[in-house]
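Dumped query-v3.pdb below, it's PDB, C-alpha atoms and all ligand atoms:
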```pdb
ATOM      1  CA  MET A   1     -44.978  33.143  21.829
ATOM      2  CA  ILE A   2     -48.460  32.069  20.770
ATOM      3  CA  THR A   3     -48.924  28.293  20.850
ATOM      4  CA  ARG A   4     -51.625  25.946  19.653
ATOM      5  CA  ALA A   5     -52.857  25.801  23.266
ATOM      6  CA  ASP A   6     -53.359  29.591  23.219
ATOM      7  CA  VAL A   7     -55.330  29.304  19.995
ATOM      8  CA  GLU A   8     -57.466  26.515  21.466
ATOM      9  CA  ALA A   9     -58.120  28.556  24.606
ATOM     10  CA  ALA A  10     -59.140  31.556  22.490
ATOM     11  CA  TYR A  11     -61.386  29.345  20.407
ATOM     12  CA  ALA A  12     -63.146  27.967  23.460
ATOM     13  CA  LYS A  13     -63.511  31.427  24.961
ATOM     14  CA  THR A  14     -65.127  32.923  21.878
ATOM     15  CA  ALA A  15     -67.396  29.951  21.100
ATOM     16  CA  GLY A  16     -70.922  31.154  20.492
ATOM     17  CA  LEU A  17     -69.739  34.657  19.678
ATOM     18  CA  VAL A  18     -67.824  33.962  16.484
ATOM     19  CA  ARG A  19     -69.066  31.813  13.654
ATOM     20  CA  HIS A  20     -67.685  28.488  12.549
ATOM     21  CA  THR A  21     -67.447  29.335   8.860
ATOM     22  CA  PRO A  22     -67.994  26.734   6.135
ATOM     23  CA  MET A  23     -65.453  25.312   3.719
ATOM     24  CA  VAL A  24     -66.276  24.625   0.112
ATOM     25  CA  SER A  25     -64.253  22.917  -2.572
ATOM     26  CA  SER A  26     -63.569  25.141  -5.559
ATOM     27  CA  GLY A  27     -64.174  22.603  -8.282
ATOM     28  CA  GLU A  28     -61.424  24.302 -10.327
ATOM     29  CA  ASP A  29     -59.208  22.146 -12.526
ATOM     30  CA  LEU A  30     -56.045  22.390 -10.445
ATOM     31  CA  PRO A  31     -53.258  19.959  -9.588
ATOM     32  CA  PHE A  32     -54.551  19.826  -6.030
ATOM     33  CA  THR A  33     -57.879  20.074  -4.266
ATOM     34  CA  LEU A  34     -58.554  23.675  -3.399
ATOM     35  CA  TRP A  35     -60.813  24.514  -0.498
ATOM     36  CA  PHE A  36     -62.118  27.947   0.322
ATOM     37  CA  LYS A  37     -62.473  28.660   3.995
ATOM     38  CA  CYS A  38     -65.385  31.092   3.733
ATOM     39  CA  GLU A  39     -64.310  33.507   6.376
ATOM     40  CA  PHE A  40     -66.131  36.314   4.609
ATOM     41  CA  MET A  41     -69.194  34.791   6.279
ATOM     42  CA  GLN A  42     -67.729  35.634   9.665
ATOM     43  CA  HIS A  43     -69.373  38.482  11.594
ATOM     44  CA  THR A  44     -68.433  41.786   9.911
ATOM     45  CA  GLY A  45     -67.093  39.918   6.882
ATOM     46  CA  SER A  46     -63.612  38.924   8.055
ATOM     47  CA  PHE A  47     -61.638  36.787  10.507
ATOM     48  CA  LYS A  48     -60.839  39.922  12.519
ATOM     49  CA  ALA A  49     -63.941  39.294  14.652
ATOM     50  CA  ARG A  50     -62.190  36.253  16.163
ATOM     51  CA  GLY A  51     -59.275  38.202  17.583
ATOM     52  CA  ALA A  52     -61.456  41.140  18.560
ATOM     53  CA  PHE A  53     -63.734  38.996  20.744
ATOM     54  CA  ASN A  54     -60.809  37.138  22.262
ATOM     55  CA  ARG A  55     -58.892  40.304  23.091
ATOM     56  CA  GLN A  56     -61.925  42.006  24.632
ATOM     57  CA  LEU A  57     -63.149  38.975  26.589
ATOM     58  CA  THR A  58     -59.646  38.387  27.933
ATOM     59  CA  ALA A  59     -59.448  42.022  29.025
ATOM     60  CA  ARG A  60     -62.816  41.623  30.764
ATOM     61  CA  GLU A  61     -61.632  38.464  32.573
ATOM     62  CA  ASP A  62     -58.489  40.293  33.644
ATOM     63  CA  GLY A  63     -60.600  43.138  35.049
ATOM     64  CA  GLU A  64     -59.214  45.610  32.487
ATOM     65  CA  LEU A  65     -62.359  46.268  30.464
ATOM     66  CA  SER A  66     -64.105  49.312  31.880
ATOM     67  CA  GLU A  67     -67.834  49.361  31.131
ATOM     68  CA  THR A  68     -67.649  53.125  30.566
ATOM     69  CA  ALA A  69     -64.313  53.492  28.729
ATOM     70  CA  GLY A  70     -64.696  50.320  26.652
ATOM     71  CA  ILE A  71     -62.192  49.674  23.901
ATOM     72  CA  VAL A  72     -60.219  51.733  21.413
ATOM     73  CA  VAL A  73     -58.727  50.642  18.112
ATOM     74  CA  ALA A  74     -57.001  52.378  15.203
ATOM     75  CA  SER A  75     -58.276  51.005  11.912
ATOM     76  CA  GLY A  76     -60.570  52.163   9.185
ATOM     77  CA  GLY A  77     -60.861  48.630   7.864
ATOM     78  CA  ASN A  78     -61.860  45.191   9.008
ATOM     79  CA  ALA A  79     -60.131  45.367  12.398
ATOM     80  CA  GLY A  80     -61.966  48.557  13.322
ATOM     81  CA  LEU A  81     -65.290  47.142  12.263
ATOM     82  CA  ALA A  82     -64.719  43.818  14.013
ATOM     83  CA  ASN A  83     -63.720  45.467  17.274
ATOM     84  CA  ALA A  84     -66.689  47.836  17.134
ATOM     85  CA  PHE A  85     -68.971  44.855  16.553
ATOM     86  CA  ALA A  86     -67.458  42.838  19.399
ATOM     87  CA  ALA A  87     -67.689  45.790  21.781
ATOM     88  CA  ALA A  88     -71.361  46.288  20.905
ATOM     89  CA  ARG A  89     -72.034  42.598  21.572
ATOM     90  CA  LEU A  90     -70.206  42.809  24.898
ATOM     91  CA  GLY A  91     -72.083  45.995  25.782
ATOM     92  CA  VAL A  92     -69.116  48.370  26.024
ATOM     93  CA  PRO A  93     -68.352  51.517  24.029
ATOM     94  CA  ALA A  94     -65.924  51.415  21.103
ATOM     95  CA  THR A  95     -63.828  54.327  19.913
ATOM     96  CA  VAL A  96     -62.218  53.917  16.525
ATOM     97  CA  PHE A  97     -59.427  56.210  15.347
ATOM     98  CA  VAL A  98     -58.993  56.556  11.608
ATOM     99  CA  PRO A  99     -56.929  58.983   9.532
ATOM    100  CA  GLU A 100     -58.689  62.084   8.233
ATOM    101  CA  THR A 101     -58.341  60.565   4.779
ATOM    102  CA  ALA A 102     -60.459  57.496   5.664
ATOM    103  CA  PRO A 103     -63.136  56.906   3.017
ATOM    104  CA  ALA A 104     -66.619  58.077   3.993
ATOM    105  CA  ASN A 105     -68.144  54.629   3.419
ATOM    106  CA  LYS A 106     -65.767  53.046   5.945
ATOM    107  CA  VAL A 107     -66.511  55.739   8.502
ATOM    108  CA  ALA A 108     -70.238  55.219   7.906
ATOM    109  CA  LYS A 109     -69.883  51.459   8.496
ATOM    110  CA  LEU A 110     -68.118  52.111  11.792
ATOM    111  CA  HIS A 111     -70.883  54.480  12.879
ATOM    112  CA  ALA A 112     -73.467  51.899  11.906
ATOM    113  CA  ALA A 113     -71.649  49.358  14.099
ATOM    114  CA  GLY A 114     -72.170  51.733  17.023
ATOM    115  CA  ALA A 115     -68.628  53.113  17.295
ATOM    116  CA  THR A 116     -67.529  56.639  18.060
ATOM    117  CA  VAL A 117     -65.234  57.537  15.182
ATOM    118  CA  VAL A 118     -62.351  59.962  15.630
ATOM    119  CA  GLN A 119     -60.627  61.121  12.462
ATOM    120  CA  HIS A 120     -57.086  62.103  13.298
ATOM    121  CA  GLY A 121     -53.895  62.754  11.338
ATOM    122  CA  SER A 122     -53.083  62.228   7.718
ATOM    123  CA  GLU A 123     -51.839  58.665   8.002
ATOM    124  CA  TYR A 124     -52.491  55.470   9.919
ATOM    125  CA  ALA A 125     -49.506  55.836  12.270
ATOM    126  CA  GLU A 126     -50.861  59.132  13.593
ATOM    127  CA  ALA A 127     -54.286  57.612  14.178
ATOM    128  CA  PHE A 128     -52.655  54.733  16.054
ATOM    129  CA  THR A 129     -50.580  57.038  18.268
ATOM    130  CA  ALA A 130     -53.702  59.011  19.109
ATOM    131  CA  ALA A 131     -55.578  55.786  19.917
ATOM    132  CA  ALA A 132     -52.776  54.668  22.252
ATOM    133  CA  GLU A 133     -52.832  58.060  23.990
ATOM    134  CA  PHE A 134     -56.595  57.835  24.307
ATOM    135  CA  ALA A 135     -56.255  54.402  25.933
ATOM    136  CA  ALA A 136     -53.628  55.657  28.374
ATOM    137  CA  PHE A 137     -55.719  58.715  29.208
ATOM    138  CA  ASN A 138     -59.183  57.261  29.723
ATOM    139  CA  GLY A 139     -58.521  53.601  30.452
ATOM    140  CA  ALA A 140     -60.022  52.129  27.300
ATOM    141  CA  VAL A 141     -58.576  48.746  26.291
ATOM    142  CA  LEU A 142     -56.330  49.207  23.275
ATOM    143  CA  CYS A 143     -57.057  46.585  20.640
ATOM    144  CA  HIS A 144     -54.346  46.267  18.029
ATOM    145  CA  ALA A 145     -55.271  45.488  14.452
ATOM    146  CA  TYR A 146     -52.981  42.426  14.418
ATOM    147  CA  ASP A 147     -50.064  42.463  16.853
ATOM    148  CA  GLN A 148     -51.319  41.432  20.280
ATOM    149  CA  PRO A 149     -51.298  37.893  21.703
ATOM    150  CA  GLY A 150     -55.084  37.833  22.092
ATOM    151  CA  ILE A 151     -55.614  39.036  18.538
ATOM    152  CA  VAL A 152     -53.174  36.507  17.047
ATOM    153  CA  ALA A 153     -54.532  33.614  19.128
ATOM    154  CA  GLY A 154     -58.101  34.495  18.136
ATOM    155  CA  ALA A 155     -57.238  34.620  14.444
ATOM    156  CA  GLY A 156     -55.693  31.161  14.729
ATOM    157  CA  GLY A 157     -59.199  29.722  15.149
ATOM    158  CA  VAL A 158     -59.397  29.726  11.347
ATOM    159  CA  GLY A 159     -56.625  27.124  11.331
ATOM    160  CA  LEU A 160     -58.326  24.959  13.970
ATOM    161  CA  GLU A 161     -61.547  24.878  11.973
ATOM    162  CA  VAL A 162     -59.730  23.995   8.757
ATOM    163  CA  LEU A 163     -57.928  21.112  10.502
ATOM    164  CA  ALA A 164     -61.141  19.863  12.086
ATOM    165  CA  GLU A 165     -62.930  19.745   8.767
ATOM    166  CA  LEU A 166     -60.034  18.695   6.572
ATOM    167  CA  PRO A 167     -57.641  16.654   8.734
ATOM    168  CA  ASP A 168     -55.372  15.819   5.796
ATOM    169  CA  VAL A 169     -54.935  19.428   4.690
ATOM    170  CA  ASP A 170     -51.247  19.915   3.880
ATOM    171  CA  THR A 171     -51.086  23.620   3.013
ATOM    172  CA  LEU A 172     -52.960  26.734   4.081
ATOM    173  CA  LEU A 173     -52.807  29.890   2.020
ATOM    174  CA  VAL A 174     -53.191  33.127   3.940
ATOM    175  CA  ALA A 175     -53.269  36.808   3.035
ATOM    176  CA  VAL A 176     -50.716  38.785   5.027
ATOM    177  CA  GLY A 177     -51.049  42.349   6.225
ATOM    178  CA  GLY A 178     -49.450  42.736   9.627
ATOM    179  CA  GLY A 179     -49.114  38.963   9.951
ATOM    180  CA  GLY A 180     -51.632  38.313  12.733
ATOM    181  CA  LEU A 181     -53.699  35.862  10.736
ATOM    182  CA  MET A 182     -50.676  33.984   9.473
ATOM    183  CA  GLY A 183     -49.115  33.879  12.941
ATOM    184  CA  GLY A 184     -52.304  32.498  14.481
ATOM    185  CA  ILE A 185     -52.794  29.913  11.770
ATOM    186  CA  ALA A 186     -49.128  28.875  11.946
ATOM    187  CA  ALA A 187     -49.553  28.240  15.672
ATOM    188  CA  ALA A 188     -52.801  26.329  15.150
ATOM    189  CA  VAL A 189     -51.452  23.971  12.486
ATOM    190  CA  GLU A 190     -47.849  23.633  13.674
ATOM    191  CA  GLY A 191     -46.512  20.180  12.881
ATOM    192  CA  LYS A 192     -49.608  19.309  10.847
ATOM    193  CA  ALA A 193     -49.581  21.559   7.781
ATOM    194  CA  ARG A 194     -47.525  24.175   5.988
ATOM    195  CA  VAL A 195     -48.539  27.796   5.734
ATOM    196  CA  VAL A 196     -48.047  30.005   2.709
ATOM    197  CA  GLY A 197     -48.454  33.730   3.268
ATOM    198  CA  VAL A 198     -49.207  36.003   0.362
ATOM    199  CA  GLU A 199     -48.335  39.658   0.417
ATOM    200  CA  PRO A 200     -48.156  42.302  -2.267
ATOM    201  CA  GLU A 201     -44.786  43.068  -3.768
ATOM    202  CA  THR A 202     -45.498  46.735  -3.159
ATOM    203  CA  VAL A 203     -45.714  46.032   0.592
ATOM    204  CA  PRO A 204     -43.397  43.050   1.254
ATOM    205  CA  THR A 205     -43.089  43.735   4.962
ATOM    206  CA  LEU A 206     -43.179  40.165   6.234
ATOM    207  CA  HIS A 207     -40.905  39.015   3.459
ATOM    208  CA  GLU A 208     -38.302  41.563   4.508
ATOM    209  CA  ALA A 209     -38.822  40.964   8.210
ATOM    210  CA  LEU A 210     -38.267  37.213   7.904
ATOM    211  CA  ALA A 211     -35.132  37.844   5.871
ATOM    212  CA  ALA A 212     -33.863  40.409   8.372
ATOM    213  CA  GLY A 213     -34.989  38.447  11.441
ATOM    214  CA  ARG A 214     -36.687  41.469  12.934
ATOM    215  CA  PRO A 215     -39.752  43.643  12.333
ATOM    216  CA  TYR A 216     -39.332  45.693   9.244
ATOM    217  CA  ALA A 217     -40.414  49.276   8.726
ATOM    218  CA  LEU A 218     -41.769  50.092   5.342
ATOM    219  CA  VAL A 219     -43.379  53.057   3.705
ATOM    220  CA  PHE A 220     -46.764  51.973   2.407
ATOM    221  CA  LEU A 221     -48.413  53.339  -0.641
ATOM    222  CA  ASP A 222     -50.916  55.367   1.264
ATOM    223  CA  TYR A 223     -49.792  55.267   4.859
ATOM    224  CA  ARG A 224     -46.693  54.668   6.912
ATOM    225  CA  MET A 225     -45.841  51.888   9.300
ATOM    226  CA  PRO A 226     -43.408  52.741  12.081
ATOM    227  CA  PRO A 227     -40.700  50.202  12.984
ATOM    228  CA  GLY A 228     -42.023  47.085  14.645
ATOM    229  CA  TRP A 229     -45.491  47.332  13.274
ATOM    230  CA  ASN A 230     -45.400  44.435  10.972
ATOM    231  CA  GLY A 231     -45.825  42.360  14.045
ATOM    232  CA  ALA A 232     -43.141  41.580  16.626
ATOM    233  CA  GLU A 233     -45.564  39.092  18.168
ATOM    234  CA  THR A 234     -46.376  37.369  14.906
ATOM    235  CA  LEU A 235     -42.788  37.428  13.732
ATOM    236  CA  ARG A 236     -41.643  35.497  16.811
ATOM    237  CA  ARG A 237     -44.234  32.867  15.986
ATOM    238  CA  LEU A 238     -43.423  32.699  12.305
ATOM    239  CA  ARG A 239     -39.673  32.507  12.767
ATOM    240  CA  ALA A 240     -40.140  29.532  15.079
ATOM    241  CA  VAL A 241     -41.851  27.543  12.327
ATOM    242  CA  ALA A 242     -39.836  29.006   9.452
ATOM    243  CA  PRO A 243     -39.109  25.722   7.616
ATOM    244  CA  SER A 244     -42.809  25.033   7.229
ATOM    245  CA  LEU A 245     -43.787  28.370   5.834
ATOM    246  CA  ARG A 246     -43.227  30.397   2.773
ATOM    247  CA  VAL A 247     -44.088  33.935   1.821
ATOM    248  CA  VAL A 248     -44.927  34.624  -1.798
ATOM    249  CA  LEU A 249     -45.346  38.021  -3.321
ATOM    250  CA  CYS A 250     -48.173  38.851  -5.646
ATOM    251  CA  SER A 251     -48.052  41.664  -8.139
ATOM    252  CA  ALA A 252     -51.481  43.065  -7.454
ATOM    253  CA  TYR A 253     -53.329  43.527  -4.265
ATOM    254  CA  SER A 254     -56.568  45.163  -3.507
ATOM    255  CA  ASP A 255     -57.938  45.400  -0.026
ATOM    256  CA  TYR A 256     -57.067  41.781   0.724
ATOM    257  CA  SER A 257     -59.856  40.546  -1.489
ATOM    258  CA  TRP A 258     -59.078  37.058  -2.715
ATOM    259  CA  MET A 259     -61.826  37.293  -5.266
ATOM    260  CA  GLU A 260     -60.016  40.185  -6.855
ATOM    261  CA  LEU A 261     -56.656  38.534  -6.414
ATOM    262  CA  SER A 262     -57.705  35.486  -8.346
ATOM    263  CA  GLN A 263     -59.163  37.692 -11.054
ATOM    264  CA  GLU A 264     -55.933  39.638 -11.257
ATOM    265  CA  PHE A 265     -54.014  36.439 -11.758
ATOM    266  CA  GLY A 266     -56.353  35.344 -14.465
ATOM    267  CA  ASP A 267     -58.060  32.026 -14.073
ATOM    268  CA  LEU A 268     -56.310  31.194 -10.806
ATOM    269  CA  GLN A 269     -52.863  31.271 -12.442
ATOM    270  CA  PHE A 270     -51.421  32.239  -9.134
ATOM    271  CA  LEU A 271     -52.755  29.129  -7.449
ATOM    272  CA  LYS A 272     -51.398  26.957 -10.221
ATOM    273  CA  GLU A 273     -47.953  28.164  -9.231
ATOM    274  CA  LEU A 274     -48.319  26.151  -6.082
ATOM    275  CA  ARG A 275     -47.751  23.065  -8.182
ATOM    276  CA  LYS A 276     -44.093  23.439  -7.277
ATOM    277  CA  PRO A 277     -43.064  21.193  -4.351
ATOM    278  CA  PHE A 278     -42.663  23.087  -1.149
ATOM    279  CA  ASN A 279     -40.639  21.840   1.785
ATOM    280  CA  GLY A 280     -40.086  18.542  -0.019
ATOM    281  CA  GLN A 281     -43.768  17.858  -0.642
ATOM    282  CA  VAL A 282     -46.269  18.652  -3.312
ATOM    283  CA  VAL A 283     -49.465  20.432  -2.431
ATOM    284  CA  ARG A 284     -52.468  18.079  -2.433
ATOM    285  CA  GLN A 285     -55.067  19.623  -0.155
ATOM    286  CA  LEU A 286     -54.908  23.389  -0.116
ATOM    287  CA  ALA A 287     -57.153  25.504   2.080
ATOM    288  CA  LEU A 288     -57.377  29.167   1.268
ATOM    289  CA  SER A 289     -58.659  31.548   3.907
ATOM    290  CA  PHE A 290     -61.053  33.701   1.998
ATOM    291  CA  SER A 291     -62.293  36.945   3.471
ATOM    292  CA  GLY A 292     -62.443  40.356   2.012
ATOM    293  CA  SER A 293     -63.669  43.715   3.079
ATOM    294  CA  ARG A 294     -65.783  43.953  -0.035
ATOM    295  CA  ALA A 295     -67.916  41.077   1.064
ATOM    296  CA  PRO A 296     -71.338  42.209   2.270
ATOM    297  CA  LEU A 297     -71.733  42.718   5.964
ATOM    298  CA  THR A 298     -73.347  39.717   7.544
ATOM    299  CA  ASP A 299     -74.818  41.625  10.469
TER     300      ASP A 299
HETATM  301  C1  LIG B 301     -59.679  40.321   4.879
HETATM  302  C2  LIG B 301     -58.299  40.393   5.400
HETATM  303  N1  LIG B 301     -57.442  39.386   5.108
HETATM  304  C3  LIG B 301     -56.179  39.409   5.575
HETATM  305  C4  LIG B 301     -55.695  40.467   6.324
HETATM  306  C5  LIG B 301     -54.281  40.417   6.839
HETATM  307  O1  LIG B 301     -54.327  40.193   8.225
HETATM  308  P1  LIG B 301     -53.083  40.490   9.164
HETATM  309  O2  LIG B 301     -52.984  41.979   9.296
HETATM  310  O3  LIG B 301     -53.409  39.808  10.453
HETATM  311  O4  LIG B 301     -51.906  39.915   8.471
HETATM  312  C6  LIG B 301     -56.529  41.534   6.657
HETATM  313  C7  LIG B 301     -56.038  42.670   7.444
HETATM  314  O5  LIG B 301     -56.687  43.667   7.604
HETATM  315  C8  LIG B 301     -57.884  41.500   6.189
HETATM  316  O6  LIG B 301     -58.720  42.488   6.486
END
```

For this file, write the structure as structure tokens.
Amino acid sequence: MITRADVEAAYAKTAGLVRHTPMVSSGEDLPFTLWFKCEFMQHTGSFKARGAFNRQLTAREDGELSETAGIVVASGGNAGLANAFAAARLGVPATVFVPETAPANKVAKLHAAGATVVQHGSEYAEAFTAAAEFAAFNGAVLCHAYDQPGIVAGAGGVGLEVLAELPDVDTLLVAVGGGGLMGGIAAAVEGKARVVGVEPETVPTLHEALAAGRPYALVFLDYRMPPGWNGAETLRRLRAVAPSLRVVLCSAYSDYSWMELSQEFGDLQFLKELRKPFNGQVVRQLALSFSGSRAPLTD
């Protein structure tokens, strides 16, 4: 299970390669102080660069990163872009598998980041299976979009930076997809702050998994997740700190963009809901990890 020590080790390993992103106070009239952790200013526009560098550097240290085979990842989104970027920085090839239905602009971004893009299958699960076969066949390091120890530990760096800048933060609000970011942050801030994960009610995978006590398979709107893919690794972590976390569902969700989320909820209504005490305490200092794939590329 990922611990704070793992997150600290990942943070030290990736220093100089990932950015320490700034935090700004929102200035909104809310019952607590709201801070945005501006992770959209991270390389490639999301926190995924943190895990990507950590996973790839760890593989290199372990002698697993072949200079010719490089890395392979299945993702048409931020994870694919972040891993392609990290591979380019580390001087190894990146192969990114995406479904045939992947939007042309995402494929173009991956090409621009120097990746070889393979469009395979009609849904994400098929692209992932093909990526895993590719890794087994040619020795490329398989980088998961969220469910590997190195990826989770790297993502947790967001939590370390929030704590360093805002030592009295009591609550961190995190968007949940597969749960890697939330798992990493939960490890980083364990015993110091609570973590609230937000996931769409149309895709309540983590919600269901925590209730069931095991990874939960769910049919997504536009692609399918096979059993176990909402993060066995992250689930172990999150179950261990269950009393200090909460998962809330939001009615609208669009590409994990907090900017859009807050617009959907109209004047930060959604954040006002956090007025309710949680785990016996009210929220006073809330840090919101803010990154979205619509943010402009920073590199
Ligand atoms: C910007 C952004 N926020 C949050 C998430 C959710 O991350 P995770 O899959 O680690 O839960 C993602 C996943 O792609 C993302 O791209």

Protein and nucleic acid residues within 8 Å of ligand LIG 301 (chain B) (only C-alpha atoms and all ligand atoms) as number ranges by chain: A: 40, 45-48, 77-79, 145-147, 152, 155, 174-183, 255-257, 290-293

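Taking CA of Ala140 in chain A and CA of Asn105 in chain A as the two end points, the separation is 25.3 Å.
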
Edge lengths and centre in Å to one decimal, as lines of an AutoDock Vina configuration file, of the axis-aligned box that encloses all listed atoms of range 45-54 of chain A with 3 Å added on every side?
```
center_x = -63.2
center_y = 38.7
center_z = 14.6
size_x = 13.8
size_y = 10.9
size_z = 21.4
```

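The shortest atom-to-atom distance to Ala232 in chain A, with all atoms listed in the file taken into account, belongs to A:Arg214 out of A:Arg246, A:His20, A:Arg214, A:His120.
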
Answer key for the PyMOL selection byres (((chain A and resi 81) around 9) and not hetatm), residues as an MDAnalysis selection string: chainID A and resid 44 48:49 75:80 82:86 96 106 109:110 113 115

Residues within 9 Å of Val117 in chain A, only C-alpha atoms, excluding chain neighbours under 2 positions, as a PyMOL selection string: chain A and resi 94-98+107+110-111+115+119

Option closest in space to Arg194 in chain A, from A:Thr234, A:Thr101, A:Ser244, A:Gln56 [counting only C-alpha atoms]: A:Ser244

Evaluate the PyMOL selection byres (((chain A and resi 129-139) around 10) and not hetatm) and report residues as an MDAnalysis selection string: chainID A and resid 64:66 68:75 95:98 118:121 124:128 140:144

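Proximity of A:Leu245, A:Leu288, A:Leu57, A:Val282 to Pro31 in chain A, computed with all atoms listed in the file, is greatest for A:Val282.
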
Distance query Gly159 in chain A at most 6 Å, all atoms listed in the file, self and fewer than 3 positions along chain excluded, as a PyMOL selection string: chain A and resi 156+162+185+188

Residues within 7 Å of Ala186 in chain A, all atoms listed in the file, excluding chain neighbours under 4 positions, as a ChimeraX atom specification: /A:182,190,195,238

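We find CA of Thr58 in chain A and CA of Glu161 in chain A to be spaced 21.0 Å apart.
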
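Interatomic distance, CA of Val247 in chain A against CA of Val198 in chain A: 5.7 Å.
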
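Each of A:Glu100, A:Asp62, A:Ser25, A:Ile151 was compared to Leu286 in chain A using only C-alpha atoms, and A:Ser25 turns out to be the nearest.
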
If we count all atoms listed in the file, what is near Met23 in chain A at a cut-off of 7 Å, once residues fewer than 4 positions away on the same chain are taken out, given as a PDB file with C-alpha atoms, in the coordinates of the input?
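File written: out_14.pdb
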```
ATOM      1  CA  TRP A  35     -60.813  24.514  -0.498  1.00  0.00           C
ATOM      2  CA  PHE A  36     -62.118  27.947   0.322  1.00  0.00           C
ATOM      3  CA  LYS A  37     -62.473  28.660   3.995  1.00  0.00           C
ATOM      4  CA  CYS A  38     -65.385  31.092   3.733  1.00  0.00           C
TER       5      CYS A  38
END
```

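With all atoms listed in the file as the atoms that count, the residue of A:Leu235, A:Leu210, A:Val189, A:Val196 with the shortest distance to Leu163 in chain A is A:Val189.
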
Result set, the PyMOL selection byres (((chain A and resi 16) around 12) and not hetatm) on current file, as a ChimeraX atom specification: /A:10-15,17-20,43,50,53-54,89
